[in-house]
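Novice: Below you'll find the structure I mean.
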Amino acid sequence: MKLETFKFDIDADGIAHAIFDVPGRSMNTLTGKAVADIIAIANEVASNADIKGLVISSGKETGFCAGADLGEMGDRAGSGGGEKKKSEDELKKEQFEAGFALNGTLRKLETCGKPVAVALNGLALGGGLEVALACHYRVAANDNPRIQFGLPEAKIGLLPGAGGTQRLPRLVGVQAALPLILQGESFNAEKAHAMGVVQELAPGAETVARAKAWVKANPKAKAPWDEKGFKVPGGVPHKSPGAGQVATMSNMMLAAKTYGNYPAQKNILSCIYEGIQVPIDAGLRIETRYFINTQQRPEAKAMIRSLFLSTQALSKGANRPAGFEKAEIKKVGIIGAGLMGAGIAYEQARAGIRTVLVDVKQEAADKGKQYSVRLVEKDISRGKSTKEKGDALLSLITPTTDYKLLEDCDLIVEAVYEDIDLKHKVLSDAEAALGENAIVGSNTSTLPITQLSTPLKRKDKFIGIHFFSPVERMGLVEIIMGKETSQETLAKTIDYVLKIRKTPIVVNDSRGFYTSRCFGTYTQEGLEMLSEGIKPAIIENVGRQAGMPMGPLEVSDSVGLDTALKVGRATAKATGFDYNEAPLGRMMAWIVEDKGRVGRKAGKGFYDYNEQGKPDRIWPDLNEQVEVKIDECPPALKKELTNRLLIRQAIEVARCFEEGVIQDARDGDIGSILAWGFAPYTGGCVSYMDLIWGVPAFVAEADRLADKYGERFRPGKLLREMAEKGQSFYDRFPPAGEKKAAA
């Protein structure tokens, strides 16, 4: 038996030991070769009379197995689906057989008539846990604080496809299993033992010996569900009132939470509901059918590609220019100790970077450091940190008014108010204080980087570093290249962003750059709907049900209605449009200037807010200015409004590609999800066009909306050209290093 990912031996007692150890990987994953090896091992154990039992363990210190190899799966994401020379029935049969291969093999191992145990030294996630669940006995290390178990497939649009939806509910009961599978929650060894997911805890060095001892002592082991008279803990629907109620309530809660946008969660619930009522062999076949159905959905392809593959790649610096040594960022200055500057200072200190926090007054700089003090105290009170660690973090932040302290900084980030004259002065003063090789960065969210660089002498070392608020919770940083910014400066800036554990995307210079420009279209479309007389509650509910984190009116309140009015007037002036004469412009001027309602920060905007800053209700007097003409929302209208809200954003993203603002499809997707919360089930704005619609269908729908609602929806030359050539954005704007489709 030739194995590529396992080592295999048989001891004097006839106990086989299979050690999972994928060559060249720091962590085991279920690659195609690993699955083939598991099939070979199962056949050998079942057929070899000299083998009395089997113990499976890992040869990696990092853990047992992190699940399926999503890189292999992601290679197929967005593909056209292959040749269709075979009949539909033949294709379905082929797909089922391929999907059932591991499931069937694990079942064969489970029923081979010999005891099978697994020694878990570290994490077992996804398919890794499913392999463990198919073993009769599970021993887990109790001295590894990082050990985690779970079935996280739902987080990337999939469902467990190797028995997880059938064995876990039979082991712990449907009620306990549902949140673990639907939400992809992970849990530690102690919880796993308490639930019965593992039967024994032992020091990591003893897990294999304990597993072997169990195998020797239990020659006739069976899975609980193969024992005569087995009953599912808590019962099953239609046979137990409690279990039936769990199924009903779960369906209601799922609909309320996902709005039907996530096929994986719906299929998981159906899979468990149907599979738990039949023998496990039938349940496993039901699972495979649902797995194939889910895997082939565009949402799954989009989520795997964006939420796992692209996010992982960008978080490791996939968009960093080659040819430059890694920069050691040891000291960074922050100019402006307001909310953004204070948040950046905290994140830097968390990463071990010495930080100089500069403001015009010492009390303002001190107040900025207090932001970090509060966060540290909160972590200590919750047991997430210690006083010693907190003190060490805070000692790295020096609040000051003295620019001389910036002298030996590797980089500075300007984070003052969005006023170009103020920024010019601050940036000039900072550059004068810095060494020649230091990078000067600006946290501007809208002002063009090239324009900001005007007074600077070393324009090649100036770059935009746009953080998002609150900095400690937002994982994205938008890096903006000016016309003269060098590739070396970009490389060093990406090194800085990675050091503070953020995900960088890279865009080119323009007003609003990528994220601010595209994000604004969501709120603008919501305001357009409001000015058309659509009931505010309908707009808000449709926005959330479309997959956005808030309705567009609540987002407008969060940004600030006074800011929205100012931006609206400035944009209109730049395009020769009279904003004050438009219905939307008049409405915004009335609510801000006449009624003094500027948004969440004042406790009143489109919503009234409580003392905790949470929305209480939509402001009832809004109808004084806005006549409600549509106060019901049948399914057809909901679909129309959903398309308007999402397509308007995607059209702006396409324009950014056409204008060269963004050049990597991954940056477009990840930026849209992490920066402004574009519906995650779509995989981001780019995948929304590529996979959820397909570019030709997207262009046709956008044209329809443009004819009905205005030119803001009209597709540009790039989209039309891509539709004609059958190109996707990932063809035309592929990840760095991949071959680009012909324009």
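Residues in the structure tokens are named by chain (A, B, ... in the order shown) and by number from 1 within that chain; ligands are numbered from 1 in the order shown.
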Please give the complete set of residues from stretch 173-294 of chain A that DSSP, run on the backbone, assigns to strand (DSSP E or B), formatted as a PDB file with C-alpha atoms, in the first residue's frame.
Specialist:
ATOM      1  CA  SER A 186     -15.705  26.201  17.482  1.00  0.00           C
ATOM      2  CA  PHE A 187     -15.193  24.793  20.973  1.00  0.00           C
ATOM      3  CA  GLU A 200     -11.242  11.052  26.989  1.00  0.00           C
ATOM      4  CA  LEU A 201      -8.802  13.858  27.767  1.00  0.00           C
ATOM      5  CA  ALA A 202      -5.092  13.189  28.290  1.00  0.00           C
TER       6      ALA A 202
END
Novice: Which parts of stretch 246-365 of chain A does DSSP call alpha helix (DSSP H) when run on the backbone here, written out as a PyMOL selection string?
Specialist: chain A and resi 246-258+263-275+280-295+298-303+311-315+339-350+362-365
Novice: Which neighbours of stretch 37-51 of chain A fall inside 8 Å, counting only C-alpha atoms, when residues of the same chain fewer than 6 positions from it are skipped, and could you give them as a list of chain:residue names?
Specialist: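 My list of contacting residues is A:Met1, A:Leu3, A:Glu4, A:Thr5, A:Phe6, A:Ile10, A:Gly14, A:Ile15, A:Ala16, A:Ala18, A:Leu102, A:Thr105, A:Leu106, A:Lys108, A:Leu109, A:Cys112, A:Gly113, A:Lys114.
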Novice: Looking at only C-alpha atoms, which of A:Val592, A:Cys656, A:Leu123, A:Ala177 is the one that sits closest to A:Phe733?
Specialist: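 Checking each of A:Val592, A:Cys656, A:Leu123, A:Ala177 against A:Phe733, counting only C-alpha atoms, the winner is A:Cys656.
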